[in-house]
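Below is the file entry-v8.cif, which contains mmCIF, C-alpha atoms and all ligand atoms.
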data_upload
#
loop_
_atom_site.label_atom_id
_atom_site.label_comp_id
_atom_site.auth_asym_id
_atom_site.auth_seq_id
_atom_site.Cartn_x
_atom_site.Cartn_y
_atom_site.Cartn_z
CA MET A 1 14.27 -17.03 10.54
CA ASN A 2 10.88 -18.60 9.88
CA ILE A 3 7.58 -17.84 11.55
CA GLN A 4 7.78 -20.85 13.94
CA THR A 5 11.21 -19.78 15.24
CA LEU A 6 9.91 -16.27 15.78
CA ALA A 7 6.90 -17.58 17.72
CA ALA A 8 9.25 -19.66 19.89
CA ILE A 9 11.68 -16.85 20.76
CA SER A 10 8.88 -14.35 21.33
CA LYS A 11 7.51 -16.18 24.37
CA ASP A 12 7.74 -14.02 27.53
CA ARG A 13 9.05 -10.99 25.63
CA PRO A 14 7.15 -7.90 24.54
CA VAL A 15 6.99 -7.89 20.74
CA TYR A 16 6.73 -4.58 18.89
CA CYS A 17 6.17 -4.13 15.16
CA TRP A 18 8.12 -1.19 13.76
CA GLY A 19 5.90 0.16 10.97
CA ALA A 20 2.18 0.84 11.59
CA GLY A 21 0.99 1.55 8.05
CA ARG A 22 -1.12 -0.86 6.00
CA TYR A 23 1.71 -3.36 5.63
CA GLY A 24 2.51 -3.15 9.35
CA VAL A 25 -1.04 -3.53 10.64
CA MET A 26 -1.68 -6.54 8.44
CA ALA A 27 1.69 -8.00 9.45
CA GLY A 28 0.72 -7.54 13.12
CA ASP A 29 -2.50 -9.48 12.54
CA ALA A 30 -0.64 -12.25 10.73
CA LEU A 31 1.88 -12.51 13.57
CA LEU A 32 -0.93 -12.79 16.10
CA ARG A 33 -2.54 -15.58 14.09
CA ALA A 34 0.83 -17.36 13.96
CA GLY A 35 1.14 -17.27 17.75
CA VAL A 36 3.31 -14.15 18.16
CA ARG A 37 1.66 -11.83 20.69
CA VAL A 38 2.15 -8.23 19.53
CA ALA A 39 2.26 -5.66 22.35
CA GLY A 40 2.10 -2.65 20.04
CA PHE A 41 3.61 -0.71 17.16
CA ILE A 42 6.45 1.74 16.70
CA ASP A 43 6.12 4.46 14.08
CA LYS A 44 6.88 8.13 13.75
CA ALA A 45 4.72 8.61 10.65
CA VAL A 46 1.38 7.08 11.68
CA ARG A 47 -0.44 8.76 14.52
CA PRO A 48 -3.03 7.17 16.77
CA SER A 49 -6.20 9.07 16.25
CA SER A 50 -8.47 8.79 19.27
CA ARG A 51 -8.21 8.60 23.04
CA ASP A 52 -9.27 4.96 23.16
CA ASP A 53 -7.26 3.66 20.24
CA ALA A 54 -7.21 -0.09 19.82
CA ILE A 55 -3.68 0.18 18.42
CA LYS A 56 -0.84 1.24 20.71
CA ILE A 57 1.70 3.25 18.68
CA LEU A 58 4.96 4.41 20.26
CA HIS A 59 7.63 6.73 18.94
CA PRO A 60 10.95 5.03 18.02
CA ASP A 61 12.65 6.86 20.92
CA ALA A 62 10.85 4.42 23.24
CA LEU A 63 13.33 1.76 22.10
CA ASP A 64 16.20 3.56 23.84
CA HIS A 65 14.80 2.83 27.27
CA ARG A 66 13.58 -0.74 26.98
CA ASP A 67 15.41 -4.04 27.48
CA GLY A 68 14.24 -7.40 26.29
CA TRP A 69 11.97 -6.14 23.52
CA LEU A 70 11.71 -8.15 20.35
CA VAL A 71 11.13 -5.99 17.29
CA VAL A 72 9.69 -7.13 13.98
CA VAL A 73 10.37 -4.65 11.18
CA THR A 74 7.04 -4.30 9.40
CA SER A 75 7.69 -1.31 7.16
CA MET A 76 7.86 -2.09 3.47
CA PHE A 77 9.57 1.07 2.29
CA PHE A 78 11.84 1.89 5.24
CA GLU A 79 13.11 -1.53 6.22
CA GLY A 80 16.77 -0.71 5.53
CA GLU A 81 16.68 2.54 7.48
CA ILE A 82 14.91 0.93 10.44
CA GLU A 83 17.36 -1.94 10.48
CA ARG A 84 20.30 0.50 10.60
CA SER A 85 18.63 2.28 13.49
CA LEU A 86 18.15 -1.00 15.38
CA LEU A 87 21.76 -2.00 14.79
CA SER A 88 22.93 1.38 16.10
CA LYS A 89 20.94 0.68 19.29
CA GLY A 90 22.72 -2.68 19.73
CA TYR A 91 19.85 -4.88 18.54
CA VAL A 92 21.00 -8.18 16.99
CA ILE A 93 19.13 -9.89 14.13
CA GLY A 94 17.61 -13.24 15.08
CA ARG A 95 17.94 -12.41 18.77
CA ASP A 96 16.36 -8.95 19.19
CA TYR A 97 14.76 -8.29 15.84
CA ALA A 98 13.43 -9.95 12.70
CA LEU A 99 12.49 -8.66 9.25
CA TYR A 100 8.91 -9.39 8.27
CA SER A 101 10.01 -9.43 4.63
CA ALA A 102 12.15 -12.49 5.40
CA LEU A 103 9.11 -14.27 6.86
CA LYS A 104 6.74 -13.28 4.07
CA LYS A 105 8.49 -13.71 0.74
CA TRP A 106 5.68 -12.63 -1.60
CA SER A 107 2.94 -9.99 -1.50
CA PHE A 108 -0.17 -10.21 -3.67
CA GLU A 109 -2.34 -7.41 -4.98
CA ILE A 110 -5.48 -8.73 -6.63
CA ASP A 111 -7.14 -6.03 -8.71
CA VAL A 112 -10.72 -7.24 -8.34
CA SER A 113 -11.95 -4.27 -10.37
CA GLY A 114 -10.30 -3.41 -13.69
CA VAL A 115 -12.09 -0.06 -13.68
CA CYS A 116 -12.32 3.12 -11.65
CA GLN A 117 -15.10 5.68 -11.94
CA LEU A 118 -12.70 8.59 -11.25
CA LYS A 119 -10.06 9.95 -13.60
CA CYS A 120 -7.37 11.30 -11.25
CA PRO A 121 -4.65 13.10 -13.26
CA SER A 122 -1.85 11.43 -11.26
CA CYS A 123 -3.22 7.92 -11.93
CA PRO A 124 -3.14 5.96 -15.20
CA ASN A 125 -6.91 5.53 -14.98
CA GLY A 126 -7.00 9.27 -15.66
CA ASN A 127 -3.87 9.93 -17.74
CA PHE A 128 -2.94 6.82 -19.74
CA SER A 129 -3.55 6.62 -23.49
CA GLY A 130 -1.69 3.38 -24.38
CA GLY A 131 -3.10 -0.12 -24.75
CA THR A 132 -4.57 -1.43 -21.50
CA LEU A 133 -5.54 -4.76 -20.00
CA ALA A 134 -9.23 -5.76 -19.88
CA LYS A 135 -11.48 -3.24 -18.16
CA ASP A 136 -13.77 -5.61 -16.35
CA MET A 137 -14.66 -6.99 -12.93
CA MET A 138 -13.16 -10.17 -11.52
CA GLY A 139 -15.86 -12.78 -10.87
CA LEU A 140 -16.11 -14.69 -7.59
CA ASP A 141 -15.24 -18.00 -9.24
CA LEU A 142 -11.96 -16.68 -10.67
CA TYR A 143 -11.13 -15.10 -7.32
CA ARG A 144 -11.71 -18.38 -5.48
CA ARG A 145 -9.49 -20.26 -7.93
CA ILE A 146 -6.72 -17.69 -7.61
CA LEU A 147 -6.79 -17.65 -3.81
CA SER A 148 -6.90 -21.46 -3.63
CA LYS A 149 -3.89 -21.67 -5.92
CA LEU A 150 -1.93 -19.17 -3.85
CA LEU A 151 -2.79 -21.02 -0.65
CA ALA A 152 -1.59 -24.27 -2.20
CA GLU A 153 1.69 -22.87 -3.52
CA VAL A 154 2.84 -20.09 -1.20
CA ASP A 155 4.45 -21.01 2.15
CA PHE A 156 3.14 -18.11 4.24
CA LEU A 157 0.11 -16.23 2.86
CA PRO A 158 -1.14 -14.08 5.75
CA ASP A 159 -2.94 -11.49 3.65
CA VAL A 160 -3.91 -10.23 0.22
CA GLN A 161 -4.65 -6.72 -0.97
CA LEU A 162 -7.86 -6.53 -3.01
CA TYR A 163 -6.92 -3.53 -5.12
CA SER A 164 -4.18 -2.19 -7.30
CA TRP A 165 -5.36 0.36 -9.90
CA GLY A 166 -9.13 -0.12 -9.91
CA GLU A 167 -11.88 0.79 -7.45
CA PRO A 168 -12.72 -2.42 -5.54
CA LEU A 169 -16.02 -1.16 -4.09
CA LEU A 170 -17.50 -1.11 -7.61
CA ASN A 171 -17.37 -4.90 -7.75
CA PRO A 172 -20.64 -6.41 -6.42
CA ALA A 173 -18.74 -9.66 -5.69
CA LEU A 174 -16.35 -7.90 -3.28
CA PRO A 175 -18.25 -8.90 -0.09
CA ASP A 176 -18.19 -12.57 -1.14
CA MET A 177 -14.49 -12.34 -1.99
CA VAL A 178 -13.72 -10.90 1.44
CA ALA A 179 -15.86 -13.55 3.14
CA TYR A 180 -14.14 -16.33 1.19
CA SER A 181 -10.68 -15.01 2.12
CA VAL A 182 -11.57 -14.78 5.80
CA GLU A 183 -13.02 -18.30 5.65
CA ARG A 184 -9.67 -19.53 4.23
CA GLY A 185 -7.71 -17.70 6.96
CA VAL A 186 -6.32 -14.93 4.76
CA SER A 187 -6.80 -11.34 5.90
CA VAL A 188 -7.81 -8.67 3.47
CA GLY A 189 -6.87 -5.05 2.83
CA ILE A 190 -9.04 -2.72 0.74
CA SER A 191 -8.38 0.79 -0.53
CA SER A 192 -11.22 2.92 -1.87
CA ASN A 193 -11.93 6.44 -3.08
CA LEU A 194 -15.28 6.08 -1.24
CA ASN A 195 -17.34 7.82 -3.92
CA ASP A 196 -19.66 4.84 -4.33
CA THR A 197 -20.78 2.92 -1.25
CA ARG A 198 -23.49 0.66 -2.67
CA HIS A 199 -21.51 -2.44 -1.61
CA LEU A 200 -19.90 -0.98 1.51
CA GLU A 201 -22.15 -2.42 4.19
CA LYS A 202 -21.99 -5.97 2.85
CA THR A 203 -18.22 -5.61 2.49
CA ILE A 204 -17.81 -4.58 6.13
CA LEU A 205 -20.11 -7.38 7.25
CA ALA A 206 -17.66 -9.77 5.53
CA ARG A 207 -14.96 -8.48 7.93
CA PRO A 208 -11.92 -7.15 6.04
CA ASP A 209 -8.97 -6.44 8.36
CA TRP A 210 -7.93 -3.13 7.01
CA PHE A 211 -9.68 -0.39 5.04
CA ARG A 212 -7.93 2.59 3.46
CA VAL A 213 -9.71 5.69 2.22
CA SER A 214 -7.75 7.67 -0.37
CA LEU A 215 -8.29 11.42 -0.10
CA SER A 216 -6.81 14.64 -1.43
CA GLY A 217 -8.35 17.75 0.09
CA THR A 218 -11.82 18.97 0.92
CA GLY A 219 -14.44 21.06 -0.92
CA GLU A 220 -13.54 22.17 -4.45
CA ARG A 221 -9.89 21.23 -3.93
CA TYR A 222 -10.75 17.52 -3.63
CA GLY A 223 -11.90 17.34 -7.26
CA LEU A 224 -8.68 18.88 -8.62
CA SER A 225 -6.70 15.74 -7.80
CA HIS A 226 -9.59 13.26 -7.40
CA ARG A 227 -11.04 14.22 -10.76
CA GLY A 228 -14.68 13.21 -11.17
CA GLY A 229 -15.12 12.79 -7.41
CA ARG A 230 -17.23 15.00 -5.10
CA TRP A 231 -16.13 15.94 -1.61
CA GLU A 232 -19.66 16.36 -0.21
CA LYS A 233 -20.45 12.76 -1.15
CA VAL A 234 -17.14 11.43 0.21
CA ALA A 235 -17.66 13.34 3.50
CA ARG A 236 -21.08 11.67 3.90
CA HIS A 237 -19.58 8.29 3.08
CA ILE A 238 -16.85 8.78 5.69
CA ASP A 239 -19.62 9.20 8.30
CA GLN A 240 -21.30 6.10 6.90
CA LEU A 241 -18.04 4.11 7.07
CA ALA A 242 -17.48 5.09 10.71
CA GLU A 243 -21.04 4.17 11.61
CA LEU A 244 -20.91 0.80 9.81
CA ARG A 245 -17.57 -0.04 11.36
CA GLY A 246 -18.94 0.73 14.83
CA ARG A 247 -22.05 -1.37 14.21
CA HIS A 248 -20.62 -4.38 12.37
CA HIS A 249 -16.84 -4.65 12.74
CA PRO A 250 -15.17 -2.37 15.32
CA GLY A 251 -11.86 -4.26 14.92
CA MET A 252 -11.43 -3.13 11.31
CA VAL A 253 -8.53 -0.69 11.00
CA VAL A 254 -9.42 2.36 8.93
CA GLU A 255 -6.65 4.52 7.55
CA MET A 256 -7.01 7.83 5.73
CA ASN A 257 -4.32 8.05 3.11
CA TYR A 258 -4.05 11.75 2.45
CA HIS A 259 -2.30 12.58 -0.82
CA LEU A 260 -0.48 15.83 -0.17
CA TYR A 261 -0.29 18.35 -3.01
CA ARG A 262 0.52 22.04 -2.90
CA HIS A 263 -3.15 22.84 -3.48
CA ASN A 264 -4.44 20.81 -0.51
CA ALA A 265 -1.83 21.29 2.25
CA ALA A 266 -4.26 23.68 4.00
CA ASP A 267 -6.77 20.83 4.52
CA VAL A 268 -4.39 18.52 6.38
CA GLU A 269 -5.48 19.60 9.84
CA THR A 270 -9.18 19.27 8.93
CA ILE A 271 -8.63 15.66 7.90
CA ALA A 272 -6.38 14.94 10.90
CA ALA A 273 -9.18 16.23 13.17
CA LEU A 274 -11.75 14.14 11.29
CA CYS A 275 -9.57 11.06 11.89
CA ARG A 276 -9.32 11.84 15.60
CA ASP A 277 -13.07 12.20 15.75
CA LYS A 278 -13.79 8.92 13.94
CA GLY A 279 -10.95 6.87 15.42
CA PHE A 280 -9.22 6.40 12.06
CA LEU A 281 -5.47 6.27 11.50
CA PHE A 282 -4.17 9.33 9.68
CA LYS A 283 -1.49 8.73 7.06
CA PRO A 284 -0.46 11.72 4.97
CA ASN A 285 1.97 11.13 2.14
CA ALA A 286 3.33 13.27 -0.63
CA ALA A 287 1.39 12.56 -3.82
CA TYR A 288 3.35 11.15 -6.75
CA ILE A 289 2.62 10.40 -10.38
CA ASP A 290 2.04 7.08 -12.10
CA PRO A 291 2.42 4.95 -14.16
CA LEU A 292 6.01 3.76 -14.53
CA ASP A 293 5.34 3.14 -18.26
CA THR A 294 5.07 6.91 -18.81
CA LEU A 295 8.01 7.76 -16.52
CA ILE A 296 10.28 5.40 -18.48
CA GLU A 297 9.21 7.02 -21.76
CA TYR A 298 9.78 10.48 -20.29
CA VAL A 299 13.28 9.64 -19.05
CA GLU A 300 14.02 8.14 -22.47
CA GLY A 301 13.04 11.36 -24.24
CA GLN A 302 9.24 11.44 -24.81
CA PRO A 303 7.25 14.44 -23.52
CA LEU A 304 5.00 13.98 -20.47
CA PRO A 305 1.26 14.02 -21.30
CA ASP A 306 -0.37 17.43 -20.54
CA ASP A 307 -2.33 16.05 -17.59
CA LEU A 308 0.85 14.87 -15.92
CA VAL A 309 2.65 18.15 -16.61
CA ARG A 310 -0.18 20.07 -14.92
CA ILE A 311 -0.50 17.82 -11.86
CA SER A 312 3.30 17.59 -11.49
CA ARG A 313 3.33 21.34 -10.76
CA GLU A 314 1.21 20.57 -7.69
CA LEU A 315 3.52 17.88 -6.28
CA LEU A 316 5.64 18.67 -3.23
CA LEU A 317 8.77 17.54 -5.05
CA ASP A 318 10.05 18.56 -8.47
CA VAL A 319 9.79 15.50 -10.73
CA ASP A 320 12.87 16.40 -12.81
CA GLU A 321 14.98 16.85 -9.70
CA VAL A 322 13.78 13.54 -8.30
CA LEU A 323 14.59 11.83 -11.59
CA ARG A 324 18.10 13.34 -11.60
CA ASP A 325 18.63 12.14 -8.03
CA CYS A 326 17.38 8.67 -9.00
CA ARG A 327 19.88 8.54 -11.84
CA ARG A 328 22.77 9.70 -9.67
CA ASN A 329 21.99 7.18 -6.93
CA ARG A 330 21.12 4.02 -8.80
CA SER A 331 20.82 0.83 -6.77
CA ALA A 332 20.10 -2.84 -7.34
CA ASN A 333 17.29 -3.40 -4.84
CA CYS A 334 13.61 -2.69 -5.18
CA VAL A 335 10.98 -3.10 -2.47
CA ARG A 336 8.32 -3.86 -5.10
CA GLU A 337 10.14 -6.75 -6.76
CA ARG A 338 8.33 -9.44 -4.81
CA THR A 339 4.84 -7.98 -5.18
CA VAL A 340 2.69 -9.85 -7.68
CA VAL A 341 -0.20 -7.85 -9.13
CA ILE A 342 -2.98 -9.97 -10.54
CA HIS A 343 -5.32 -8.14 -12.90
CA SER A 344 -9.11 -8.65 -12.90
CA ASP A 345 -8.84 -11.22 -15.74
CA GLY A 346 -6.05 -13.22 -14.06
CA ALA A 347 -3.18 -11.63 -16.05
CA VAL A 348 -0.05 -10.80 -14.03
CA ARG A 349 1.61 -7.38 -14.23
CA GLN A 350 5.40 -7.27 -14.32
CA CYS A 351 5.46 -4.53 -11.66
CA PRO A 352 2.88 -2.84 -9.40
CA HIS A 353 3.63 0.54 -11.00
CA VAL A 354 3.04 -0.42 -14.65
CA PHE A 355 -0.36 -0.14 -16.27
CA GLY A 356 -0.13 -0.89 -20.01
CA ALA A 357 -0.87 -4.26 -21.61
CA GLN A 358 2.70 -4.44 -22.96
CA TYR A 359 4.00 -5.11 -19.43
CA ARG A 360 1.83 -8.17 -18.84
CA LEU A 361 3.83 -11.26 -17.79
CA ASP A 362 3.87 -13.97 -20.49
CA ARG A 363 1.88 -16.33 -18.27
CA GLY A 364 -1.32 -15.66 -16.32
CA LEU A 365 -1.59 -16.69 -12.67
CA LEU A 366 -3.66 -19.79 -13.35
CA ASP A 367 -1.45 -20.89 -16.29
CA SER A 368 1.73 -21.22 -14.30
CA SER A 369 3.14 -22.37 -10.98
CA MET A 370 4.51 -19.85 -8.48
CA GLY A 371 7.92 -21.39 -9.27
CA GLU A 372 7.50 -20.37 -12.93
CA ILE A 373 6.29 -16.91 -11.98
CA SER A 374 9.28 -16.55 -9.70
CA ARG A 375 11.62 -17.49 -12.57
CA LEU A 376 9.91 -15.07 -14.97
CA PHE A 377 10.12 -12.34 -12.32
CA ALA A 378 13.84 -12.99 -11.79
CA ASP A 379 14.37 -12.41 -15.50
CA ARG A 380 12.37 -9.22 -16.05
CA ASP A 381 13.84 -6.91 -18.71
CA LEU A 382 11.53 -4.24 -17.33
CA CYS A 383 13.33 -4.27 -13.95
CA ARG A 384 16.76 -4.11 -15.59
CA ARG A 385 15.63 -1.12 -17.63
CA CYS A 386 13.95 0.55 -14.65
CA LYS A 387 17.03 0.10 -12.44
CA SER A 388 19.38 1.35 -15.15
CA LEU A 389 17.39 4.61 -15.03
CA GLY A 390 17.22 4.60 -11.20
CA LEU A 391 13.40 4.58 -11.39
CA ASN A 392 13.14 1.81 -8.79
CA ASN A 393 13.84 4.60 -6.27
CA PHE A 394 11.39 7.15 -7.70
CA TYR A 395 8.44 6.51 -5.36
CA ALA A 396 10.51 6.36 -2.14
CA HIS A 397 11.46 10.01 -2.64
CA PHE A 398 7.82 11.01 -2.22
CA LEU A 399 7.17 8.69 0.69
CA ASP A 400 10.15 10.28 2.40
CA CYS A 401 8.84 13.80 2.19
CA SER A 402 9.07 14.51 5.91
CA ASP A 403 8.97 18.24 6.39
CA GLN A 404 5.44 18.92 5.18
CA PRO A 405 2.64 20.28 7.36
CA GLY A 406 1.08 17.47 9.36
CA ALA A 407 3.27 14.86 7.75
CA GLU A 408 5.82 13.50 10.13
CA MET A 409 7.51 11.04 7.83
CA PRO A 410 10.60 8.85 8.17
CA ARG A 411 13.58 10.63 6.61
CA ARG A 412 15.40 9.09 3.73
CA THR A 413 16.29 9.99 0.22
CA ARG A 414 16.47 6.62 -1.44
CA GLN A 415 16.08 2.93 -0.82
CA ASP A 416 19.16 0.93 -0.05
C1 LIG A 501 -4.63 3.88 -7.60
S1 LIG A 501 -5.40 3.57 -6.04
C2 LIG A 501 -6.64 2.41 -6.48
C3 LIG A 501 -7.48 1.94 -5.29
C4 LIG A 501 -8.70 2.77 -4.98
N1 LIG A 501 -9.44 3.10 -6.14
C5 LIG A 501 -8.35 4.02 -4.16
O1 LIG A 501 -8.64 5.11 -4.64
O2 LIG A 501 -7.83 3.90 -3.07
C6 LIG A 501 -4.19 2.54 -5.21
C7 LIG A 501 -3.47 3.23 -4.06
O3 LIG A 501 -2.68 4.27 -4.57
C8 LIG A 501 -2.76 5.39 -3.69
N2 LIG A 501 -2.62 6.58 -4.54
C9 LIG A 501 -3.42 6.91 -5.58
N3 LIG A 501 -3.00 8.06 -6.16
C10 LIG A 501 -1.92 8.46 -5.47
C11 LIG A 501 -1.04 9.57 -5.61
N4 LIG A 501 -1.20 10.49 -6.54
N5 LIG A 501 -0.02 9.67 -4.74
C12 LIG A 501 0.15 8.74 -3.75
N6 LIG A 501 -0.64 7.65 -3.60
C13 LIG A 501 -1.67 7.51 -4.44
C14 LIG A 501 -4.13 5.31 -3.08
O4 LIG A 501 -4.20 5.93 -1.80
C15 LIG A 501 -4.41 3.83 -3.05
O5 LIG A 501 -4.20 3.26 -1.78
S1 LIG A 502 12.67 -2.56 -10.39
FE1 LIG A 502 11.24 -1.09 -11.29
S2 LIG A 502 10.01 -2.34 -12.68
FE2 LIG A 502 11.00 -3.75 -11.25
S3 LIG A 502 9.53 -4.05 -9.57
FE3 LIG A 502 10.92 -2.35 -9.00
S4 LIG A 502 9.85 -0.48 -9.66
FE4 LIG A 502 8.92 -2.22 -10.73
#
Taking this structure as input, can you express it in the form of structure tokens?
Amino acid sequence: MNIQTLAAISKDRPVYCWGAGRYGVMAGDALLRAGVRVAGFIDKAVRPSSRDDAIKILHPDALDHRDGWLVVVTSMFFEGEIERSLLSKGYVIGRDYALYSALKKWSFEIDVSGVCQLKCPSCPNGNFSGGTLAKDMMGLDLYRRILSKLLAEVDFLPDVQLYSWGEPLLNPALPDMVAYSVERGVSVGISSNLNDTRHLEKTILARPDWFRVSLSGTGERYGLSHRGGRWEKVARHIDQLAELRGRHHPGMVVEMNYHLYRHNAADVETIAALCRDKGFLFKPNAAYIDPLDTLIEYVEGQPLPDDLVRISRELLLDVDEVLRDCRRNRSANCVRERTVVIHSDGAVRQCPHVFGAQYRLDRGLLDSSMGEISRLFADRDLCRRCKSLGLNNFYAHFLDCSDQPGAEMPRRTRQD
């Protein structure tokens, strides 16, 4: 099904998007722009956070009692599970539901900042010692050329994500990049550690659609996993973000992505209450470790760096057990295979989870057509190697961690 067919069959029927996380909210906006009126969202993991929420979020049980609904599956990680659930309720593809991934073939993450001021132990910016790509900021001119090229070559480009590994708010050109995207009809998602807000107000004035704050605890505990960051500063900046949103751009969705570790589980309710107070979405998820470069080496016999050993003890899941499960349940699919990460200098990463320079694609984004990139992606040795080790399912284990305090997550053990 293409987007025009969906718009046609959605007339006179309530349309619900199943999946209200970042991917889902941006998908909902894109559907609206394409003429599909979205009545609300379905999700058991994301909770509405204030009495007058702009976003209506229902529990999946609501589907049992409704006829004539049209559902668009807008969850990136749980698409297979949601589709099975819809089929079990008698929903028929093309008539009662559609997969957003079939409408939007490619996702783009543009890392507008090649640097981060924090050194989180779970993140390669804090734990990686191999050769890296350039540590610089993308300039506005390069950004404009990249976006123009994508618009010319990609059929349906509803949104781009302006971060991958770096901290986007450090780039003084971020507000102009957001404004340019909006001007070209592309919505924008940003994720920030919110330790530096010098460019925050101008960024919000440029009207991004979606803004994620990454958090892991309060007080002293915050700095254990957000190493180099200070909770007092972040708490002030959260107030500032709420105030700026209210003043300049009330439609901007703000989501708190709470990285759950053993050491910060006690702070979950504090952050959930903060989200209710500010009208932010609250999205807890079990913290995991990156990058894939290091995980591959570990599975192939190298020791884990000390930093990763220490932070792994704080994860909700045992990394070795997860890796064994991955190996036992290998599969051919990967939800990240059609995500293109463009580094701050225009280089393309072979996978969103790799960090080192050795996993750069042979051609940069501006040196090749999307057709060529697609062919190079189809032939990635890295993916063959990753799948042979079952590592394509590593991250889903953490996102599926459903029985943690405050984290009502979809249940699954691996991707299909
Ligand atoms: C590496 S961060 C870079 C973007 C930005 N600097 C930030 O802090 O949000 C990219 C995304 O990964 C998520 N993330 C970072 N560390 C994580 C961890 N240990 N477990 C789960 N998600 C994590 C963040 O919430 C963020 O949305
Ligand atoms: S198969 Fe592995 S390397 Fe390839 S995109 Fe998926 S996670 Fe990345």
Problem set entry | Non-local contacts of A:Leu260 (6 Å; all atoms listed in the file; under 6 positions in same chain excluded) as a list in words | Asn285, Ala286 and Ala287 of chain A
Problem set entry | Nearest to ligand LIG 502 (chain A), chosen from A:Leu399, A:Cys386, A:Val340, A:Ile296, with all atoms listed in the file counted in the distances |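 Closest candidate: A:Cys386.
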For this session: Set the cut-off to 9 Å, count all atoms listed in the file, and list whatever residues fall near ligand LIG 501 (chain A) as a PyMOL selection string.
Result: chain A and resi 111+113+115-118+120-125+162-169+190-194+212-216+225-226+256-261+285-290+315+395+398-399
The selected residues should be written to file as a tab-separated table (two decimals), keeping the file's coordinate frame (atoms: C-alpha atoms).
chain	number	residue	atom	x	y	z
A	111	ASP	CA	-7.14	-6.03	-8.71
A	113	SER	CA	-11.95	-4.27	-10.37
A	115	VAL	CA	-12.09	-0.06	-13.68
A	116	CYS	CA	-12.32	3.12	-11.65
A	117	GLN	CA	-15.10	5.68	-11.94
A	118	LEU	CA	-12.70	8.59	-11.25
A	120	CYS	CA	-7.37	11.30	-11.25
A	121	PRO	CA	-4.65	13.10	-13.26
A	122	SER	CA	-1.85	11.43	-11.26
A	123	CYS	CA	-3.22	7.92	-11.93
A	124	PRO	CA	-3.14	5.96	-15.20
A	125	ASN	CA	-6.91	5.53	-14.98
A	162	LEU	CA	-7.86	-6.53	-3.01
A	163	TYR	CA	-6.92	-3.53	-5.12
A	164	SER	CA	-4.18	-2.19	-7.30
A	165	TRP	CA	-5.36	0.36	-9.90
A	166	GLY	CA	-9.13	-0.12	-9.91
A	167	GLU	CA	-11.88	0.79	-7.45
A	168	PRO	CA	-12.72	-2.42	-5.54
A	169	LEU	CA	-16.02	-1.16	-4.09
A	190	ILE	CA	-9.04	-2.72	0.74
A	191	SER	CA	-8.38	0.79	-0.53
A	192	SER	CA	-11.22	2.92	-1.87
A	193	ASN	CA	-11.93	6.44	-3.08
A	194	LEU	CA	-15.28	6.08	-1.24
A	212	ARG	CA	-7.93	2.59	3.46
A	213	VAL	CA	-9.71	5.69	2.22
A	214	SER	CA	-7.75	7.67	-0.37
A	215	LEU	CA	-8.29	11.42	-0.10
A	216	SER	CA	-6.81	14.64	-1.43
A	225	SER	CA	-6.70	15.74	-7.80
A	226	HIS	CA	-9.59	13.26	-7.40
A	256	MET	CA	-7.01	7.83	5.73
A	257	ASN	CA	-4.32	8.05	3.11
A	258	TYR	CA	-4.05	11.75	2.45
A	259	HIS	CA	-2.30	12.58	-0.82
A	260	LEU	CA	-0.48	15.83	-0.17
A	261	TYR	CA	-0.29	18.35	-3.01
A	285	ASN	CA	1.97	11.13	2.14
A	286	ALA	CA	3.33	13.27	-0.63
A	287	ALA	CA	1.39	12.56	-3.82
A	288	TYR	CA	3.35	11.15	-6.75
A	289	ILE	CA	2.62	10.40	-10.38
A	290	ASP	CA	2.04	7.08	-12.10
A	315	LEU	CA	3.52	17.88	-6.28
A	395	TYR	CA	8.44	6.51	-5.36
A	398	PHE	CA	7.82	11.01	-2.22
A	399	LEU	CA	7.17	8.69	0.69
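Closest to A:Ile9 among A:Tyr97, A:Phe41, A:Tyr91, A:Phe280 is A:Tyr97, based on all atoms listed in the file.
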Exercise. How many Å separate atom CA of A:Val188 from atom CA of A:Val160?
Worked result: 5.3 Å
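Using all atoms listed in the file, the nearest neighbour of A:Leu389 within the list A:Leu316, A:Cys275, A:Cys326, A:Ala102 is A:Cys326.
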Pull the closest atom pair for each residue of stretch 247-364 of chain A that gets at most 10 Å from stretch 130-146 of chain A, along with the distance in Å to one decimal, counting all atoms listed in the file, ordering rows by chain and then ascending residue number, as a Markdown table.
| residue | atom | partner | partner_atom | distance |
| --- | --- | --- | --- | --- |
| A:Asp293 | CA | A:Gly130 | CA | 9.3 |
| A:Thr294 | CA | A:Gly130 | CA | 9.4 |
| A:Ile342 | CA | A:Ile146 | CA | 9.1 |
| A:His343 | CA | A:Leu133 | CA | 7.9 |
| A:Ser344 | CA | A:Met138 | CA | 4.5 |
| A:Asp345 | CA | A:Met138 | CA | 6.1 |
| A:Gly346 | CA | A:Leu142 | CA | 7.6 |
| A:Ala347 | CA | A:Leu133 | CA | 8.3 |
| A:Arg349 | CA | A:Leu133 | CA | 9.6 |
| A:Phe355 | CA | A:Thr132 | CA | 6.8 |
| A:Gly356 | CA | A:Thr132 | CA | 4.7 |
| A:Ala357 | CA | A:Thr132 | CA | 4.7 |
| A:Gln358 | CA | A:Gly131 | CA | 7.5 |
| A:Tyr359 | CA | A:Thr132 | CA | 9.6 |
| A:Arg360 | CA | A:Leu133 | CA | 8.2 |
Exercise. Which residues, written as a list in words, have at least one atom at most 10 Å from A:Ile93, with all atoms listed in the file counted and residues fewer than 2 positions away on the same chain left out?
Worked result: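 Surrounding residues, per the criterion: Met1, Leu70, Val71, Val72, Glu83, Leu86, Leu87, Gly90, Tyr91, Arg95, Asp96, Tyr97, Ala98 and Leu99 of chain A.
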Expected file content for stretch 323-327 of chain A, C-alpha atoms, as a short mmCIF file (atom, residue, chain, number, x, y, z; two decimals), in the first residue's frame:
data_model
loop_
_atom_site.label_atom_id
_atom_site.label_comp_id
_atom_site.auth_asym_id
_atom_site.auth_seq_id
_atom_site.Cartn_x
_atom_site.Cartn_y
_atom_site.Cartn_z
CA LEU A 323 24.22 -12.70 23.98
CA ARG A 324 23.61 -16.43 24.48
CA ASP A 325 19.92 -15.94 23.75
CA CYS A 326 20.79 -13.93 20.63
CA ARG A 327 22.99 -16.76 19.41
#
